[in-house]
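Asker: Input: one structure, supplied below.
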Amino acid sequence: MKTKQVHGTLQQCVQMIMDKSLNQRRLYYLNLSQKAPYSPTTQMLDNHEVDLFGHAATCVGIASFATDQTYKKPLVSDSFGPCVPVIAIGRTGTHLAHCNGSGGIMDYSKSWLKTHRIMVVAKTEHAKQFQVANAIQELLRSQGFEQPELFKVPFSTAMGIIVIGSTVLAYPQV
């Protein structure tokens, strides 16, 4: 899976993913800071439903995770300052974990198959978050996951993540 910068507004990019006009099985990132299109998860630990530009989505709370078995319903989360997003894509669905350290990843990954494609998203301009992302990648590798990959995005601020099927969109938050 490759990382590629995409241009446009957050809404335009979400629509391109929903329409499948962007290649699937890829991580895209916007370099223009965006406001989350729903209430930010800053103080939220529980998952809840949100509206993502007219599409029902599951918002993953801090230190939590969610699964979409249809490959169609968006999974979203934000406020990844020092926290690390981990995405798993495989036959059992698409999974998004909001990791606030490397400890919780073992609980989140219990339902993942060892053959799932694992994406750990790391901000290259944020040393602490980058270290945690590396630790999570190594922990998953030591647990027998075949493909935990580190995907680097050029952000220094908090970021948001939108996962739709096998396509991921990362954006820096304002």
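How things are named: the first chain in the structure tokens is A, the next is B, and so on; residues count from 1 in each chain; ligands count from 1 in the order shown.
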I'd like to know which residues of stretch 10-161 of chain A are strand (DSSP E or B) (by DSSP, run on the backbone); could you write them as a PyMOL selection string?
Answerer: chain A and resi 26-29+34+48-52+55-59+65-68+75-80+84-90+93-99+117-123+147-153+159-161
Asker: Keeping only C-alpha atoms, write those residues as a PDB file, in the first residue's frame.
Answerer:
ATOM      1  CA  ARG A  26      -3.969   3.292  -0.235  1.00  0.00           C
ATOM      2  CA  LEU A  27      -3.335   5.901   2.429  1.00  0.00           C
ATOM      3  CA  TYR A  28      -3.965   9.444   1.215  1.00  0.00           C
ATOM      4  CA  TYR A  29      -3.149  12.590   3.138  1.00  0.00           C
ATOM      5  CA  GLN A  34      -8.919  20.901   8.244  1.00  0.00           C
ATOM      6  CA  HIS A  48     -20.631   7.024  18.767  1.00  0.00           C
ATOM      7  CA  GLU A  49     -22.352   7.652  15.458  1.00  0.00           C
ATOM      8  CA  VAL A  50     -21.629  10.879  13.556  1.00  0.00           C
ATOM      9  CA  ASP A  51     -22.616  12.406  10.225  1.00  0.00           C
ATOM     10  CA  LEU A  52     -19.717  12.549   7.770  1.00  0.00           C
ATOM     11  CA  HIS A  55     -22.828   9.442   5.421  1.00  0.00           C
ATOM     12  CA  ALA A  56     -23.380   7.646   8.740  1.00  0.00           C
ATOM     13  CA  ALA A  57     -19.986   6.978  10.331  1.00  0.00           C
ATOM     14  CA  THR A  58     -18.647   5.462  13.534  1.00  0.00           C
ATOM     15  CA  CYS A  59     -16.460   7.861  15.501  1.00  0.00           C
ATOM     16  CA  PHE A  65     -11.479   0.766  18.597  1.00  0.00           C
ATOM     17  CA  ALA A  66     -14.252  -0.106  16.137  1.00  0.00           C
ATOM     18  CA  THR A  67     -14.895  -2.514  13.262  1.00  0.00           C
ATOM     19  CA  ASP A  68     -16.842  -2.200  10.022  1.00  0.00           C
ATOM     20  CA  LEU A  75     -14.694   4.808  10.623  1.00  0.00           C
ATOM     21  CA  VAL A  76     -13.397   8.176  11.814  1.00  0.00           C
ATOM     22  CA  SER A  77     -11.322   9.515  14.676  1.00  0.00           C
ATOM     23  CA  ASP A  78      -9.277  12.585  15.415  1.00  0.00           C
ATOM     24  CA  SER A  79      -7.184  14.257  18.094  1.00  0.00           C
ATOM     25  CA  PHE A  80      -4.209  12.053  17.286  1.00  0.00           C
ATOM     26  CA  VAL A  84      -1.438   6.725  17.146  1.00  0.00           C
ATOM     27  CA  PRO A  85      -4.041   5.476  14.653  1.00  0.00           C
ATOM     28  CA  VAL A  86      -3.759   1.795  13.753  1.00  0.00           C
ATOM     29  CA  ILE A  87      -5.840   0.417  10.890  1.00  0.00           C
ATOM     30  CA  ALA A  88      -6.292  -3.285  10.116  1.00  0.00           C
ATOM     31  CA  ILE A  89      -7.857  -4.423   6.854  1.00  0.00           C
ATOM     32  CA  GLY A  90      -8.740  -8.032   6.117  1.00  0.00           C
ATOM     33  CA  GLY A  93     -13.595  -6.211   8.101  1.00  0.00           C
ATOM     34  CA  THR A  94     -11.907  -2.880   8.498  1.00  0.00           C
ATOM     35  CA  HIS A  95     -10.733  -1.926  11.989  1.00  0.00           C
ATOM     36  CA  LEU A  96      -9.597   1.409  13.458  1.00  0.00           C
ATOM     37  CA  ALA A  97      -7.855   1.650  16.833  1.00  0.00           C
ATOM     38  CA  HIS A  98      -7.151   4.946  18.615  1.00  0.00           C
ATOM     39  CA  CYS A  99      -4.018   4.023  20.587  1.00  0.00           C
ATOM     40  CA  ARG A 117      -2.846  -5.649   6.496  1.00  0.00           C
ATOM     41  CA  ILE A 118      -1.872  -3.454   9.450  1.00  0.00           C
ATOM     42  CA  MET A 119      -1.229   0.260   8.987  1.00  0.00           C
ATOM     43  CA  VAL A 120       0.396   2.251  11.786  1.00  0.00           C
ATOM     44  CA  VAL A 121       0.249   5.978  10.926  1.00  0.00           C
ATOM     45  CA  ALA A 122       3.193   8.060  12.143  1.00  0.00           C
ATOM     46  CA  LYS A 123       3.684  11.821  12.005  1.00  0.00           C
ATOM     47  CA  GLN A 147       2.453  -7.025   7.663  1.00  0.00           C
ATOM     48  CA  PRO A 148       2.481  -4.229  10.258  1.00  0.00           C
ATOM     49  CA  GLU A 149       3.605  -1.297   8.116  1.00  0.00           C
ATOM     50  CA  LEU A 150       4.578   2.187   9.255  1.00  0.00           C
ATOM     51  CA  PHE A 151       2.993   4.901   7.111  1.00  0.00           C
ATOM     52  CA  LYS A 152       4.564   8.326   7.467  1.00  0.00           C
ATOM     53  CA  VAL A 153       2.648  11.584   7.036  1.00  0.00           C
ATOM     54  CA  MET A 159      -4.479  14.672  12.891  1.00  0.00           C
ATOM     55  CA  GLY A 160      -7.757  13.123  11.881  1.00  0.00           C
ATOM     56  CA  ILE A 161      -8.266   9.762  10.172  1.00  0.00           C
TER      57      ILE A 161
END
Asker: Between atom CA of A:Gly54 and atom CA of A:Asn23, measure the distance and give it in Å to one decimal.
Answerer: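 Calculated distance between atom CA of A:Gly54 and atom CA of A:Asn23 is 21.7 Å.
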Asker: DSSP says helix (DSSP H, G or I) for which residues of stretch 43-111 of chain A? Put them as a PyMOL selection string?
Answerer: chain A and resi 105-111
Asker: Pick from A:Leu30, A:Ala63, A:Leu22, A:Leu10: nearest to A:Pro172, with only C-alpha atoms counted?
Answerer: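 Looking only at the distances to A:Pro172, the closest residue turns out to be A:Leu30.
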Asker: Calculated over only C-alpha atoms, which of the candidates A:Asn100, A:Lys110, A:Asp46, A:Pro74 has the smallest distance to A:Thr167?
Answerer: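 Nearest to A:Thr167: A:Pro74.
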Asker: Hey, which of A:Ala127, A:Ile105, A:Thr9, A:Phe53 ends up closest to A:Leu139? Count only C-alpha atoms.
Answerer: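 When distances to A:Leu139 are compared using only C-alpha atoms, the smallest one comes from A:Ile105.
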